[in-house]
Each structure stands twice: as structure tokens, then as C-alpha cells.
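Following: one structure in C-alpha cells, then a few remarks.
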4 protein chains.
Amino acid sequence: MSAIFKLSRQVEFNHCDAAGIVFYPRYFEMIAAVQERFFADALGASWAEMTPAGLGTPMGEITVRFSNPSRLGDMLDFALVVPRIGTASAGLDITCHSGGELRFSCNATVVYAAFDTGRSLPWPADLRTKLTEFLPEDRKKTA
Amino acid sequence: MSAIFKLSRQVEFNHCDAAGIVFYPRYFEMIAAVQERFFADALGASWAEMTPAGLGTPMGEITVRFSNPSRLGDMLDFALVVPRIGTASAGLDITCHSGGELRFSCNATVVYAAFDTGRSLPWPADLRTKLTEFLPEDRKKTA
Amino acid sequence: MSAIFKLSRQVEFNHCDAAGIVFYPRYFEMIAAVQERFFADALGASWAEMTPAGLGTPMGEITVRFSNPSRLGDMLDFALVVPRIGTASAGLDITCHSGGELRFSCNATVVYAAFDTGRSLPWPADLRTKLTEFLPEDRKKTA
Amino acid sequence: MSAIFKLSRQVEFNHCDAAGIVFYPRYFEMIAAVQERFFADALGASWAEMTPAGLGTPMGEITVRFSNPSRLGDMLDFALVVPRIGTASAGLDITCHSGGELRFSCNATVVYAAFDTGRSLPWPADLRTKLTEFLPEDRKKTA
């Protein structure tokens, strides 16, 4: 069965710009927070433990398509799945809805890497196994 | 002749994360600042004037590819060109280098729109003319 | 009886600096969020409704004393009381603890004001009544 | 003779809230940037060098009094002096004006400290000498 990681956040005053809508760079802070909670809560690989060990999951590439604006007080519902898992990287697809309306969709690729050398590293076996739970059902055979 | 809009910013302590490198959401604040200065300084269309008039240039879609990490004190050199101009939208290609090393490249599409209705609007003629200066030479004929 | 407004937030990666501890300007975003939820949830005066009406509660003065550093993953427990209520202003005393350890204490004064004129306004009667619930018991008589 | 450290910054879109004025937590990012440039440019003690060495100047206490709102595009002029120098701490008084109008004034106390132990340390002699240049003339004898 395929898992989806979910998280909700309310739009705060500090997210909004002079037009009264969420300023798009704030969405990237939220995306980073979704990624952070996903690794800590779903994969058991918290950045609090990884960072002092010199390990991390830096962003390789990210695309966001903005569909509708968000306003102060809106409850944002994030959903994350893992569309592909590479040797040392993984895709993260994140959608953000509010009241059923799509606000943005995001396709990202993160890399498992050592911060001192900047080198990518193969996913540890347990992390890979847990990532696989979030792979869509039809891709699990080829993962 | 084709113009390039340039801007430099130094990496500050508030941009850096616990790994001592720029936290990628901060790059989006910088991209927004480059876009803001481009509209104000190069196009004569400041957000300070547009926002009270109910006009804006919201982000439609953005892709960023991260190449190398940036550290505290690094001088970041941004360069912006306009790869395409649509009726109510425009592409913005932004690169960020430091000491000649590529840090990230960005392809964005912004829309000219009214904030109250959320509707896109055709670029005013003078704005379109100024945008055209930043179009690569080989695309000017078809713009 | 005297009420205390409480809220908890977990320290995220985006709050931490290169030394691995919360960068103090991030605390002010959290203080603003505590203030925002206090007005919306405890006083029934959400900024989402006040801002379009041209009303707000801008910060007049704020003092923060930092006691101990906070680290990634720490759960921060905020508690807010109202030490004094003026005609058009109010004090907000906020403490932040984690696991019982004081991280910072804050004394602020906010003003009830119209954004267009910048003028302060007397608190509406219902807002004043609700603010009074958060006044320490021994000050209620003189409020 | 007494020195004053000066820095100017323009208000950007990302600093402004839904009321169209600078959101006060953004001022604390600016204050941190003024402090960062003061240590790097005036004192020759950059955080880029101090942080990897495990040293820092964490904020002990800060008070800000807000006088007038700032708007998008405003040029903010910061001025910093050092009202007192202790064994392991120093006061920083910062004012922020725009077009001659006071926006806010700030009194802060920073501590010279080792991040690993959290212990304060006496200012090194050369840093103390440079800090003294920013002490008001009438306090230099007693410093």
C-alpha cells in the first residue's frame, strides 16, 4: 500500500505581503518544514541528528507551479509522496490545498550528502526502505 | 543590443543554516529582491507604485537548480534576462554566481495581473517595450 | 480568576543559525505569531478581519531578555498575560520555556490604531473586557 | 574622537506586511545585519571567522521603541554607537531614520561567548580597543 505524508499549517500574518496574500518565498519555508517533518516523523531521520553528524539532504532542484493565492488565516493542507528513489537522491512531490482548492504543486529532488565534502552518498538501507513506503504503488516494483 | 540586469548581494548570517550554508528558501527571498529591483530600476515599474494601484506581477511558475553551496560572506552576483514575453506574462532567467562559480540557475514565469480580480492583464505598451530590451538578441524578431 | 494564553511551537531548521541555535530575529516572528493567535483565538479580534478594516495593533515598544539558547527540535512553550491596559494600548508579557527552562522573557506594549491615519484609538468595549481576563488578579481592581 | 558606524538599507517588498508597512520582526533581521557588518567591517571580527572558531556575540537583551512606520522603497539610515563596554559584554545603541524621521531606536547588550560551553569570555584586547572608538567621548575615560 502506498503512504502519503500529510501536514497542515495556518497562514500567518508574517507570511503575507502588501497585497494581503502569501509572499511566495514563504511557501519555500513551508516546503522546507514539510520536508523536515517528513524526514523526522515519517523516516526517523531528523535533521537535529543528521546535521551534527555532517549529513544532510540538500535540495538539488525544485519546481513550483502556483495556482491560486492564499490569504491570512487559510488552513493549508500539504501532501507529500516520493515519485522516484535514486541511489543517492529522491524525488519529493508536494501539493498544497486549502478547502480543496489547489494553491501550488511542487516537484523537488533532494540528495543525501555529507556537508564537509559536499559528496552525495547512497541512502542507508533503512532510510531507503522507509522512503519506498511513500512511492506510488505502480512504481514500487521498479524502485 | 541585448541587456542584462545585474545585482550583487553578500551572504549574511541570517541566510545561513545550521550547516553553515545558505538555506535554500533564503535564495527565493533574494530572487524576489532581484525581480523587485529589476521592475523598479530597469523597467520603471516599482512595486511601491503598482501595489496601491492593485497591480502586481505574481509568480506563475519557478524552477531552481542548485549547483554549489554558498557560505557566509560570499558575494553573490545575480544576472537576469527575459527569455520570452507573452501577452500577459514573461519569462525571467536568473543565474547566481560567486567568484565565477555557479551557485544556482532559475527559470521563472511571472504574470501581469490585478490583485482584486486575480485576472491577468496585457502588459502596458511601455512596460513591454522595456522588457524587450532584456530579450536575447536572436529572439527579438519573434517577440 | 486570571487567564494565561498558551501556545507551543517546535524549533525548525529554518529558525537555526550557523551555530545551530535559534537566530534571535526568528523569536520575534514567533512572538508576533503568539500575539496574532492571542488576538484571534482569545480575544476574537483576528488580524484577518482587522487589517481589511484598516485597524491593527502595531508594536509600540518591546524588550526581550535572552536566558538560554534553543536548539533544533526543542518544543517551545509560550505563555502570555496582560500586565496593564491603557486607553489605547496594552502591555503583553510573554515567557518562553522549553522543558521547564526559561529561554527568554518579553515585555511588549501594543497600540490599538488605524493604519491610514496612524492614530491610536480607544479599545472597543468588548475587546477591553476580554483583555481584562488576562490581567493578573491583583491588578484587576485598578484596571 | 567618537566614531559612529553607519549603514543604509532600502525597504523591500519582503519586509512589508498586509498593511503595507515594515513588519517589525524584519527590523530585527536588519538590526542583526547592522551588528554583523559592524563586527566585520568596523571591528575586523567577522562572524564568518568567529563561527567556525566556536565564538560568537549572542544577544543578551534588546529593547526597541518604534516611532514611525516605514514603507516600501524607504531608504533606512542606521547609526550605531557603543554606550558601554563591560568585561565580556557591550552595549549597542542603534537608531534608524528615513529622510530625517526617526523610525525606531534600539538599545542592545551583546555578550562575547563560546558557543560550545555557552560561557562568556573577556573581550580580546584588540577587539576592546576597536570597540572603544565607538564609545561616546564623555564615557571614554571611565571605559
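We label chains A, B, ... in the order they appear in the C-alpha cells, count residues from 1 in each chain, and number ligands from 1 in the order shown.
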
Write out as a PyMOL selection string every residue belonging to chain C that has an atom at most 10 Å from any atom of chain D, counting only C-alpha atoms. chain C and resi 17-21+23-32+47-48+51-52+54-56+58-69+104-109+115-116+118

Any idea what's packed within 12 Å of Leu127 of chain C, counting only C-alpha atoms, ignoring anything in its chain fewer than 2 positions away? Could you give it as a PDB file with N, CA, C and O atoms, in the first residue's frame?
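As a result, part_12.pdb now contains:
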```
ATOM      1  N   PHE C  38      -3.243  35.101  19.944  1.00  0.00           N
ATOM      2  CA  PHE C  38      -3.903  35.637  21.140  1.00  0.00           C
ATOM      3  C   PHE C  38      -5.059  36.531  20.733  1.00  0.00           C
ATOM      4  O   PHE C  38      -6.185  36.382  21.230  1.00  0.00           O
ATOM      5  N   PHE C  39      -4.826  37.439  19.806  1.00  0.00           N
ATOM      6  CA  PHE C  39      -5.900  38.334  19.372  1.00  0.00           C
ATOM      7  C   PHE C  39      -7.012  37.550  18.660  1.00  0.00           C
ATOM      8  O   PHE C  39      -8.192  37.816  18.895  1.00  0.00           O
ATOM      9  N   ALA C  40      -6.654  36.594  17.815  1.00  0.00           N
ATOM     10  CA  ALA C  40      -7.676  35.842  17.065  1.00  0.00           C
ATOM     11  C   ALA C  40      -8.423  34.860  17.959  1.00  0.00           C
ATOM     12  O   ALA C  40      -9.663  34.827  17.976  1.00  0.00           O
ATOM     13  N   ALA C  42      -8.122  34.208  21.523  1.00  0.00           N
ATOM     14  CA  ALA C  42      -8.526  34.538  22.890  1.00  0.00           C
ATOM     15  C   ALA C  42      -9.421  35.780  22.919  1.00  0.00           C
ATOM     16  O   ALA C  42     -10.325  35.877  23.741  1.00  0.00           O
ATOM     17  N   LEU C  43      -9.155  36.726  22.022  1.00  0.00           N
ATOM     18  CA  LEU C  43      -9.899  37.992  22.060  1.00  0.00           C
ATOM     19  C   LEU C  43     -10.955  38.082  20.958  1.00  0.00           C
ATOM     20  O   LEU C  43     -11.789  38.988  20.963  1.00  0.00           O
ATOM     21  N   GLY C  44     -10.938  37.152  20.002  1.00  0.00           N
ATOM     22  CA  GLY C  44     -11.912  37.204  18.912  1.00  0.00           C
ATOM     23  C   GLY C  44     -11.693  38.380  17.976  1.00  0.00           C
ATOM     24  O   GLY C  44     -12.614  38.850  17.309  1.00  0.00           O
ATOM     25  N   ALA C  45     -10.445  38.870  17.928  1.00  0.00           N
ATOM     26  CA  ALA C  45     -10.137  40.021  17.069  1.00  0.00           C
ATOM     27  C   ALA C  45      -9.006  39.633  16.119  1.00  0.00           C
ATOM     28  O   ALA C  45      -7.847  39.977  16.344  1.00  0.00           O
ATOM     29  N   SER C  46      -9.352  38.869  15.082  1.00  0.00           N
ATOM     30  CA  SER C  46      -8.312  38.369  14.182  1.00  0.00           C
ATOM     31  C   SER C  46      -7.794  39.471  13.276  1.00  0.00           C
ATOM     32  O   SER C  46      -8.532  40.349  12.838  1.00  0.00           O
ATOM     33  N   THR C  57      -2.864  46.422  15.550  1.00  0.00           N
ATOM     34  CA  THR C  57      -2.295  46.574  16.894  1.00  0.00           C
ATOM     35  C   THR C  57      -0.779  46.633  16.775  1.00  0.00           C
ATOM     36  O   THR C  57      -0.075  45.726  17.211  1.00  0.00           O
ATOM     37  N   ILE C  85      -3.585  47.621  31.015  1.00  0.00           N
ATOM     38  CA  ILE C  85      -4.429  48.022  29.889  1.00  0.00           C
ATOM     39  C   ILE C  85      -4.615  49.530  29.960  1.00  0.00           C
ATOM     40  O   ILE C  85      -5.105  50.048  30.973  1.00  0.00           O
ATOM     41  N   THR C  87      -5.813  53.257  27.754  1.00  0.00           N
ATOM     42  CA  THR C  87      -6.947  53.687  26.934  1.00  0.00           C
ATOM     43  C   THR C  87      -6.854  53.100  25.522  1.00  0.00           C
ATOM     44  O   THR C  87      -7.830  52.559  25.003  1.00  0.00           O
ATOM     45  N   ALA C  88      -5.651  53.190  24.929  1.00  0.00           N
ATOM     46  CA  ALA C  88      -5.470  52.743  23.546  1.00  0.00           C
ATOM     47  C   ALA C  88      -4.269  51.813  23.423  1.00  0.00           C
ATOM     48  O   ALA C  88      -3.796  51.561  22.316  1.00  0.00           O
ATOM     49  N   SER C  89      -3.783  51.313  24.537  1.00  0.00           N
ATOM     50  CA  SER C  89      -2.613  50.433  24.494  1.00  0.00           C
ATOM     51  C   SER C  89      -2.768  49.331  25.521  1.00  0.00           C
ATOM     52  O   SER C  89      -3.664  49.378  26.374  1.00  0.00           O
ATOM     53  N   ALA C  90      -1.899  48.333  25.422  1.00  0.00           N
ATOM     54  CA  ALA C  90      -1.906  47.253  26.407  1.00  0.00           C
ATOM     55  C   ALA C  90      -0.514  46.662  26.496  1.00  0.00           C
ATOM     56  O   ALA C  90       0.213  46.615  25.492  1.00  0.00           O
ATOM     57  N   TYR C 112      -3.637  50.105  19.893  1.00  0.00           N
ATOM     58  CA  TYR C 112      -4.785  49.896  19.004  1.00  0.00           C
ATOM     59  C   TYR C 112      -4.863  51.126  18.107  1.00  0.00           C
ATOM     60  O   TYR C 112      -4.929  52.260  18.615  1.00  0.00           O
ATOM     61  N   PRO C 122      -9.230  54.347  21.165  1.00  0.00           N
ATOM     62  CA  PRO C 122      -9.590  53.647  22.404  1.00  0.00           C
ATOM     63  C   PRO C 122     -10.004  52.205  22.093  1.00  0.00           C
ATOM     64  O   PRO C 122     -10.643  51.957  21.057  1.00  0.00           O
ATOM     65  N   TRP C 123      -9.621  51.260  22.930  1.00  0.00           N
ATOM     66  CA  TRP C 123     -10.037  49.871  22.743  1.00  0.00           C
ATOM     67  C   TRP C 123     -11.570  49.815  22.698  1.00  0.00           C
ATOM     68  O   TRP C 123     -12.223  50.409  23.554  1.00  0.00           O
ATOM     69  N   PRO C 124     -12.174  49.096  21.770  1.00  0.00           N
ATOM     70  CA  PRO C 124     -13.620  48.870  21.825  1.00  0.00           C
ATOM     71  C   PRO C 124     -13.963  48.147  23.139  1.00  0.00           C
ATOM     72  O   PRO C 124     -13.132  47.391  23.666  1.00  0.00           O
ATOM     73  N   ALA C 125     -15.168  48.358  23.653  1.00  0.00           N
ATOM     74  CA  ALA C 125     -15.554  47.841  24.970  1.00  0.00           C
ATOM     75  C   ALA C 125     -15.386  46.323  25.069  1.00  0.00           C
ATOM     76  O   ALA C 125     -14.888  45.809  26.077  1.00  0.00           O
ATOM     77  N   THR C 129     -12.902  44.253  27.582  1.00  0.00           N
ATOM     78  CA  THR C 129     -13.415  43.263  28.545  1.00  0.00           C
ATOM     79  C   THR C 129     -12.637  41.960  28.449  1.00  0.00           C
ATOM     80  O   THR C 129     -12.247  41.366  29.457  1.00  0.00           O
ATOM     81  N   LYS C 130     -12.398  41.529  27.196  1.00  0.00           N
ATOM     82  CA  LYS C 130     -11.669  40.265  27.020  1.00  0.00           C
ATOM     83  C   LYS C 130     -10.204  40.389  27.440  1.00  0.00           C
ATOM     84  O   LYS C 130      -9.634  39.452  27.991  1.00  0.00           O
ATOM     85  N   LEU C 131      -9.592  41.537  27.144  1.00  0.00           N
ATOM     86  CA  LEU C 131      -8.204  41.757  27.580  1.00  0.00           C
ATOM     87  C   LEU C 131      -8.105  41.649  29.098  1.00  0.00           C
ATOM     88  O   LEU C 131      -7.122  41.109  29.641  1.00  0.00           O
ATOM     89  N   THR C 132      -9.129  42.153  29.802  1.00  0.00           N
ATOM     90  CA  THR C 132      -9.113  42.191  31.269  1.00  0.00           C
ATOM     91  C   THR C 132      -9.025  40.796  31.883  1.00  0.00           C
ATOM     92  O   THR C 132      -8.475  40.623  32.974  1.00  0.00           O
ATOM     93  N   GLU C 133      -9.529  39.790  31.154  1.00  0.00           N
ATOM     94  CA  GLU C 133      -9.441  38.415  31.673  1.00  0.00           C
ATOM     95  C   GLU C 133      -7.998  37.953  31.836  1.00  0.00           C
ATOM     96  O   GLU C 133      -7.721  37.052  32.632  1.00  0.00           O
ATOM     97  N   PHE C 134      -7.087  38.570  31.064  1.00  0.00           N
ATOM     98  CA  PHE C 134      -5.684  38.143  31.093  1.00  0.00           C
ATOM     99  C   PHE C 134      -4.824  39.028  31.998  1.00  0.00           C
ATOM    100  O   PHE C 134      -3.606  38.903  32.015  1.00  0.00           O
TER     101      PHE C 134
END
```

Coordinates-based distance that separates atom CA of Ile94 of chain C from atom CA of Val81 of chain C (Å, one decimal):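 Computing the Euclidean distance for atom CA of Val81 of chain C and atom CA of Ile94 of chain C yields 6.7 Å.
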
Run DSSP on the backbone and grab whatever in segment 5-137 of chain C lands in alpha helix (DSSP H); send it over as a ChimeraX atom specification. /C:24-37,47-50,125-132

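The space between atom CA of Ser98 of chain C and atom CA of Phe13 of chain C spans 16.7 Å.
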
Would you mind writing down, as number ranges by chain, each residue of chain A that DSSP on the backbone assigns to strand (DSSP E or B)? A: 5-10, 16, 21-22, 55-56, 59-66, 71, 75-81, 85, 89-98, 101-111, 113-114, 120

Taking only C-alpha atoms into account, name the residue in C:Val22, C:Glu12, C:Ser120, C:Met75 that is nearest to Gln35 of chain A.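 Among the listed residues, C:Glu12 lies closest to Gln35 of chain A.
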